[in-house]
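Participant: I have a structure here, written as C-alpha cells, and I will follow up with some questions on it.
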Protein chains: 2
Amino acid sequence: MSQQRHGSTPGEADGVPAFPDLPEATIARLPEYLRALHHLAETGAETVSSEGLAAAAGVNSAKLRKDLSHLGSYGTRGVGYDVALLIDQIEYILGLDTSRAVCLVGVGNLGHALAGYAGFASRGFRVVALFDADPKKVGEEINGLAVRHIDDLARVAVEESVAIGVIATPPGTAQAVADALVAAGVTSILNFAPGVLSVPPNVDVRKVDLAIELQILSFHEHRKASLTALPGGRAPATGNGDQEAVSS
Amino acid sequence: MSQQRHGSTPGEADGVPAFPDLPEATIARLPEYLRALHHLAETGAETVSSEGLAAAAGVNSAKLRKDLSHLGSYGTRGVGYDVALLIDQIEYILGLDTSRAVCLVGVGNLGHALAGYAGFASRGFRVVALFDADPKKVGEEINGLAVRHIDDLARVAVEESVAIGVIATPPGTAQAVADALVAAGVTSILNFAPGVLSVPPNVDVRKVDLAIELQILSFHEHRKASLTALPGGRAPATGNGDQEAVSS
DNA sequence: CGCGATTTGTGCACGCCTTCACAAGCGCCT
DNA sequence: AGGCGCTTGTGAAGGCGTGCACAAATCGCG
C-alpha cells in the first residue's frame, strides 16, 4: 500500500527485496486462486471482483482480499483485480516463473501414476529423473523417462540441480530415501509414504497420505450416522458445506 | 474424566451417546496416532507414554495429551497409555470398526494407482466398484475388480451401499461426477481433481491436489533462495522442522 | 505403609486466522 | 465538474489451536 509502483518486474523495489512473509494459510490458498485465475483468463475475463474470484476458489471474499493484500495492492477499487497482472504476481511469489526440477523416487503403483501426471508439467515443474531400488524396474521407460537405480540419486540430483524430491516408496524405505535426497542437496520433499520423516530444519516436508484422508471422511460418516440415529436429531447437516483441503 | 467405566464397548454410556465433538485439528491427527500405535503394537509394546507416542507421530507431547483427553481418559498416570485399548478407542471414534464401501470414479493414470493402493484395504475400506466414462476402459479388470460404465453408478452405489466416493477424473467432469455421487446417496467425497466442487451441506468433501502441494514447496524454495542471497542472511533455516501435512 | 519418581490431564496465556463492517478510492454517468 | 454506485483494503473482534507449566494421580520400592 505504501509502494505504488507495481509495474515492471515485481518483487524488488529499491533496496528492499520485499519478500513479504505471508501467513502459511495464505500461501496454501494462492495455488487455488491461481488455478481459478487461469480459468478466468481462458474465458476471456479482463478483471475479476474479489467476490467473483472468491466464489471460483471456494472461499470467503474477505479472506481473499486479505490474502491478496498481503502481496501488495494489485486491485482497483470500483473495478476489481486485473486478471493477467494478478496471475503474474502470484506466479512470481510462488516461484513458478522459474521451472523447477523434480525427481521422483519409487516407481510403484502410485509412483507410476505420478510420473505421468500432467498437472506437474502444466505448472512449470519438470520431472527430470525417476528412481527405484528394484533392479527389474531400472531401465523401464515411463513417459519418455528412464528409471534409474537409486544409487545414482546423489550424482543425478546434483547434475540436474534437483530442488524438489517426491517420495512414493513403501514406508520402510522412506526415511532412507529422504536421507539420500537431503544428502544430495534437495531442500523440499513431498512425501506420499505413511509415517514421519525426520529431516534437517532447513528442509521442507509436505506429506500426503491417502489413507488418512479416507479415515477423516470415515469419522464424519460415523458422526453423521450416530446423529441421525439420535432423538434430538434436527437436520442431520454436517455443518458448513466447506471444502476441506490440504494445508499445514 | 467423570466417567470412569471405560471397559466394554466404548462410546455409549448410560443415556449419553457421548459422541464428543472433537476439534477438526484433532481428528486430522488421530489417523497418524493410529498408525504409530499399530507400529508400536507390532513391536510388542504394551504401553506408551505420551512423550513416546508423540515422537512416533511427529507432534508435541502436550498436543497429543490434549487430543487424547478429548476422547476420554484412557491413560494411567505414572504409566502411560495402553496401546491395545487406545487403538480400539481411536478406531471406534474414526468409525473404522465397520468396514466402509468405497467407489472410485475415473480409472486414468491416477485412478488406476488408487484402485491398487494397499493402504485402503489395510484400514478397513473396501473398494467395491470402479467407474469410467470411456467405453474402452469399461470391462477392464483391475486388481480383481471390473471397471463399469459411469451410467451404472447410481444403481451400483445403492446396491453396495457406498458411503464414500473417490473422484479421480479430469477436472472437467468432476462436478458432474460429484452430482451423480450425491444423487446416489454418497455423503463423503475424496476429490483428486483440481477445482472446487459444489455439494449439498450434508456432504463432506476433502480435496487432494498434487500440483498445489508442489506449488507450496516451490514457494518455500523461492523464499529460501531469496533469503540466502540476502545481506543479513543468518542461517538460512526455513523455520521449524515441522511436518506439514494435510488437514482442514 | 509411606514416599518419591513418573506421567497424565488441564488451566491459562499467547498467537494465528477468520469474519464483519466500514472508510477510502476509483470510474462512470449526467 | 460533481455526485453516485461499486469495490478494494483494513481495523477490530472473536474463535480456534498451540504450548507451557503444574496439580493430581498412580505405581513401585523400601
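Letters A, B, ... go to the chains of the C-alpha cells in the order shown; residues in each chain start at 1; ligands are counted from 1 in the same order.
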Can you list, as a PyMOL selection string, every protein, DNA or RNA residue that comes within 12 Å of segment 26-28 of chain D when you count only C-alpha atoms (C1' of nucleotides), leaving out same-chain residues fewer than 2 positions away?
Facilitator: (chain B and resi 75-80) or (chain C and resi 2-8) or (chain D and resi 24+30)
Participant: Could you pull out all residues of segment 45-229 of chain A with a DSSP call of alpha helix (DSSP H) and give them as a PyMOL selection string?
Facilitator: chain A and resi 50-57+61-70+83-93+109-115+118-121+153-159+171-183+210-228
Participant: What's around Ile27 of chain A at 9 Å? Count only C-alpha atoms (C1' of nucleotides), leave out sequence neighbours fewer than 4 positions away in its own chain, and write the answer as a list in words.
Facilitator: Leu22, Pro23, Pro31, Asp67, Leu94 and Ser247 of chain A; Ile216 and Phe219 of chain B
Participant: Those residues you just picked out, can you put them in a file as a PDB file, in the first residue's frame with C-alpha atoms?
Facilitator:
```pdb
ATOM      1  CA  LEU A  22       2.926 -14.399   4.052  1.00  0.00           C
ATOM      2  CA  PRO A  23       0.901 -16.388   6.560  1.00  0.00           C
ATOM      3  CA  PRO A  31      -2.341 -22.012  -5.829  1.00  0.00           C
ATOM      4  CA  ASP A  67      -4.770 -12.716   1.294  1.00  0.00           C
ATOM      5  CA  LEU A  94       5.153 -18.912  -5.690  1.00  0.00           C
ATOM      6  CA  SER A 247      -2.731 -27.115   4.219  1.00  0.00           C
TER       7      SER A 247
ATOM      8  CA  ILE B 216       3.635 -24.658  -1.852  1.00  0.00           C
ATOM      9  CA  PHE B 219       7.155 -21.020  -2.676  1.00  0.00           C
TER      10      PHE B 219
END
```
Participant: Name all residues at most 12 Å from DA12 of chain D (count only C-alpha atoms (C1' of nucleotides); drop same-chain ones fewer than 5 positions away) and give them as a CSV table (one decimal) with N, CA and C atoms (P, O5', C5', C4', C3', O3' and C1' of nucleotides), in the first residue's frame.
Facilitator:
```
chain,number,residue,atom,x,y,z
C,19,DT,P,-14.2,-17.7,7.6
C,19,DT,O5',-15.1,-16.4,8.0
C,19,DT,C5',-15.6,-16.3,9.4
C,19,DT,C4',-15.9,-14.8,9.7
C,19,DT,C3',-16.6,-14.1,8.5
C,19,DT,O3',-18.0,-13.8,8.9
C,19,DT,C1',-15.0,-12.7,9.6
C,20,DC,P,-19.0,-13.0,7.9
C,20,DC,O5',-19.1,-11.6,8.7
C,20,DC,C5',-19.2,-11.6,10.1
C,20,DC,C4',-19.1,-10.2,10.6
C,20,DC,C3',-19.9,-9.1,9.8
C,20,DC,O3',-20.5,-8.3,10.8
C,20,DC,C1',-17.6,-8.5,9.9
C,21,DA,P,-21.7,-7.3,10.3
C,21,DA,O5',-21.1,-5.9,10.3
C,21,DA,C5',-20.2,-5.5,11.3
C,21,DA,C4',-19.4,-4.3,10.8
C,21,DA,C3',-20.2,-3.3,9.9
C,21,DA,O3',-20.0,-2.0,10.4
C,21,DA,C1',-18.2,-3.9,8.9
C,22,DC,P,-20.9,-0.8,9.9
C,22,DC,O5',-19.8,0.2,9.4
C,22,DC,C5',-18.6,0.3,10.1
C,22,DC,C4',-17.5,0.9,9.2
C,22,DC,C3',-18.0,2.0,8.2
C,22,DC,O3',-17.1,3.0,8.2
C,22,DC,C1',-16.8,0.3,7.1
```
Participant: Within 12 Å of chain D, which residues of chain A are there when counting only C-alpha atoms (C1' of nucleotides)? Please give them as a list in words.
Facilitator: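 Residues of chain A within 12 Å of chain D, counting only C-alpha atoms (C1' of nucleotides): Met1, Thr47, Val48, Ser49, Ser50, Glu51, Gly52, Ser61, Ala62, Lys63, Leu64, Arg65, Lys66, Asp67, Leu68, Ser69, His70, Gly72, Ser73, Tyr74, Gly75, Thr76, Arg77, Gly78, Val79, Gly80 and Tyr81 of chain A.
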Participant: When DSSP is applied to the backbone of this structure, which of segment 31-142 of chain B are assigned strand (DSSP E)? Write them out as a ChimeraX atom specification.
Facilitator: /B:47-48,75-76,80-82,100-105,125-132,141-142
Participant: One decimal, Å: what's the distance from atom CA of Phe131 of chain B over to atom CA of Cys103 of chain B, could you say?
Facilitator: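 Going from atom CA of Phe131 of chain B over to atom CA of Cys103 of chain B, I get 7.8 Å.
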Participant: Report as a VMD selection string all protein, DNA and RNA residues lying within 9 Å of Ala129 of chain A, evaluated on only C-alpha atoms (C1' of nucleotides), omitting residues in the same chain fewer than 6 positions from it.
Facilitator: chain A and resid 101 to 105 145 to 148 153 156 to 157 160 162
Participant: Selected residues, N, CA and C atoms, written as a compact mmCIF listing (two decimals), in the first residue's frame, please.
Facilitator:
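Saved to result_35.txt:
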```txt
# COMPACT_ATOMS: atom_id res chain seq x y z
N ALA A 101 13.19 -28.32 -11.15
CA ALA A 101 13.44 -29.73 -11.44
C ALA A 101 12.97 -30.59 -10.28
N VAL A 102 12.24 -31.64 -10.61
CA VAL A 102 11.68 -32.54 -9.62
C VAL A 102 12.17 -33.95 -9.92
N CYS A 103 12.53 -34.69 -8.88
CA CYS A 103 12.82 -36.10 -9.09
C CYS A 103 11.86 -36.93 -8.26
N LEU A 104 11.58 -38.12 -8.78
CA LEU A 104 10.58 -38.99 -8.16
C LEU A 104 11.24 -40.31 -7.79
N VAL A 105 11.09 -40.69 -6.52
CA VAL A 105 11.71 -41.93 -6.04
C VAL A 105 10.62 -42.94 -5.72
N LEU A 145 10.90 -41.18 -19.94
CA LEU A 145 11.98 -41.01 -18.98
C LEU A 145 12.37 -42.38 -18.43
N ALA A 146 13.66 -42.66 -18.44
CA ALA A 146 14.13 -43.97 -18.00
C ALA A 146 14.23 -44.01 -16.48
N VAL A 147 13.88 -45.15 -15.90
CA VAL A 147 14.03 -45.35 -14.46
C VAL A 147 15.48 -45.70 -14.16
N ARG A 148 16.06 -44.97 -13.21
CA ARG A 148 17.45 -45.24 -12.82
C ARG A 148 17.49 -45.92 -11.46
N LEU A 153 21.16 -41.65 -7.39
CA LEU A 153 20.42 -40.47 -6.98
C LEU A 153 21.35 -39.29 -6.70
N VAL A 156 22.94 -37.85 -10.01
CA VAL A 156 21.97 -37.25 -10.93
C VAL A 156 21.32 -36.00 -10.33
N ALA A 157 21.00 -36.07 -9.05
CA ALA A 157 20.32 -34.95 -8.42
C ALA A 157 21.18 -33.69 -8.49
N GLU A 160 21.42 -32.44 -12.26
CA GLU A 160 20.21 -31.79 -12.75
C GLU A 160 19.77 -30.67 -11.82
N VAL A 162 18.40 -30.75 -8.87
CA VAL A 162 17.05 -31.03 -8.40
C VAL A 162 16.83 -30.33 -7.06
```
Participant: Report as number ranges by chain the set of chain C residues whose atoms approach chain A to within 9 Å, with distances computed over only C-alpha atoms (C1' of nucleotides).
Facilitator: C: 16-20, 25-27
Participant: Please produce a file of the residues just selected, as a PDB file, in the first residue's frame, where the atoms kept are N, CA and C atoms (P, O5', C5', C4', C3', O3' and C1' of nucleotides).
Facilitator:
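The new file part.pdb reads:
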```pdb
ATOM      1  P    DC C  16       1.849 -15.119  15.264  1.00  0.00           P
ATOM      2  O5'  DC C  16       0.786 -15.923  14.397  1.00  0.00           O
ATOM      3  C5'  DC C  16       0.781 -17.343  14.460  1.00  0.00           C
ATOM      4  C4'  DC C  16      -0.541 -17.861  13.940  1.00  0.00           C
ATOM      5  C3'  DC C  16      -0.964 -17.221  12.617  1.00  0.00           C
ATOM      6  O3'  DC C  16      -1.321 -18.264  11.722  1.00  0.00           O
ATOM      7  C1'  DC C  16      -2.704 -17.039  14.208  1.00  0.00           C
ATOM      8  P    DC C  17      -1.512 -17.897  10.192  1.00  0.00           P
ATOM      9  O5'  DC C  17      -3.092 -17.971  10.034  1.00  0.00           O
ATOM     10  C5'  DC C  17      -3.790 -19.069  10.620  1.00  0.00           C
ATOM     11  C4'  DC C  17      -5.256 -18.748  10.685  1.00  0.00           C
ATOM     12  C3'  DC C  17      -5.830 -18.102   9.417  1.00  0.00           C
ATOM     13  O3'  DC C  17      -6.840 -18.964   8.921  1.00  0.00           O
ATOM     14  C1'  DC C  17      -6.574 -16.973  11.363  1.00  0.00           C
ATOM     15  P    DT C  18      -7.574 -18.578   7.543  1.00  0.00           P
ATOM     16  O5'  DT C  18      -9.029 -18.088   7.999  1.00  0.00           O
ATOM     17  C5'  DT C  18      -9.730 -18.822   9.000  1.00  0.00           C
ATOM     18  C4'  DT C  18     -10.889 -18.003   9.548  1.00  0.00           C
ATOM     19  C3'  DT C  18     -11.799 -17.369   8.483  1.00  0.00           C
ATOM     20  O3'  DT C  18     -13.139 -17.742   8.769  1.00  0.00           O
ATOM     21  C1'  DT C  18     -11.162 -15.759  10.093  1.00  0.00           C
ATOM     22  P    DT C  19     -14.244 -17.659   7.622  1.00  0.00           P
ATOM     23  O5'  DT C  19     -15.092 -16.375   8.022  1.00  0.00           O
ATOM     24  C5'  DT C  19     -15.596 -16.258   9.352  1.00  0.00           C
ATOM     25  C4'  DT C  19     -15.948 -14.824   9.656  1.00  0.00           C
ATOM     26  C3'  DT C  19     -16.641 -14.076   8.509  1.00  0.00           C
ATOM     27  O3'  DT C  19     -17.998 -13.849   8.881  1.00  0.00           O
ATOM     28  C1'  DT C  19     -15.000 -12.720   9.612  1.00  0.00           C
ATOM     29  P    DC C  20     -18.979 -13.036   7.913  1.00  0.00           P
ATOM     30  O5'  DC C  20     -19.061 -11.624   8.651  1.00  0.00           O
ATOM     31  C5'  DC C  20     -19.218 -11.584  10.063  1.00  0.00           C
ATOM     32  C4'  DC C  20     -19.051 -10.160  10.581  1.00  0.00           C
ATOM     33  C3'  DC C  20     -19.856  -9.104   9.822  1.00  0.00           C
ATOM     34  O3'  DC C  20     -20.495  -8.252  10.758  1.00  0.00           O
ATOM     35  C1'  DC C  20     -17.557  -8.494   9.898  1.00  0.00           C
ATOM     36  P    DG C  25      -7.942   7.610   0.210  1.00  0.00           P
ATOM     37  O5'  DG C  25      -8.345   6.930  -1.169  1.00  0.00           O
ATOM     38  C5'  DG C  25      -7.870   5.636  -1.461  1.00  0.00           C
ATOM     39  C4'  DG C  25      -8.563   5.090  -2.693  1.00  0.00           C
ATOM     40  C3'  DG C  25      -8.502   5.998  -3.930  1.00  0.00           C
ATOM     41  O3'  DG C  25      -8.090   5.205  -5.017  1.00  0.00           O
ATOM     42  C1'  DG C  25     -10.709   5.327  -3.535  1.00  0.00           C
ATOM     43  P    DC C  26      -7.290   5.854  -6.266  1.00  0.00           P
ATOM     44  O5'  DC C  26      -8.175   5.415  -7.509  1.00  0.00           O
ATOM     45  C5'  DC C  26      -8.541   4.039  -7.651  1.00  0.00           C
ATOM     46  C4'  DC C  26      -9.831   3.935  -8.421  1.00  0.00           C
ATOM     47  C3'  DC C  26      -9.921   4.859  -9.634  1.00  0.00           C
ATOM     48  O3'  DC C  26      -9.818   4.062 -10.819  1.00  0.00           O
ATOM     49  C1'  DC C  26     -11.973   4.762  -8.399  1.00  0.00           C
ATOM     50  P    DG C  27      -9.704   4.718 -12.251  1.00  0.00           P
ATOM     51  O5'  DG C  27     -11.215   4.570 -12.769  1.00  0.00           O
ATOM     52  C5'  DG C  27     -11.809   3.276 -12.782  1.00  0.00           C
ATOM     53  C4'  DG C  27     -13.293   3.394 -13.097  1.00  0.00           C
ATOM     54  C3'  DG C  27     -13.615   4.146 -14.385  1.00  0.00           C
ATOM     55  O3'  DG C  27     -14.612   3.431 -15.097  1.00  0.00           O
ATOM     56  C1'  DG C  27     -14.775   5.121 -12.573  1.00  0.00           C
TER      57       DG C  27
END
```
Participant: Counting only C-alpha atoms, which of B:Arg100, B:Arg126, B:Lys136, B:His38 gets nearest to chain A?
Facilitator: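 That would be B:Arg100, the residue with the smallest distance to chain A.
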Participant: Counting only C-alpha atoms, which of B:Glu91, B:Glu46, B:Glu140, B:Asp151 gets nearest to chain A?
Facilitator: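 Comparing B:Glu91, B:Glu46, B:Glu140, B:Asp151 against chain A, the winner is B:Glu91.
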Participant: Just to confirm, what's the straight-line distance from atom CA of Ile93 of chain B to atom CA of Asp204 of chain B in Å (one decimal)?
Facilitator: 17.1 Å
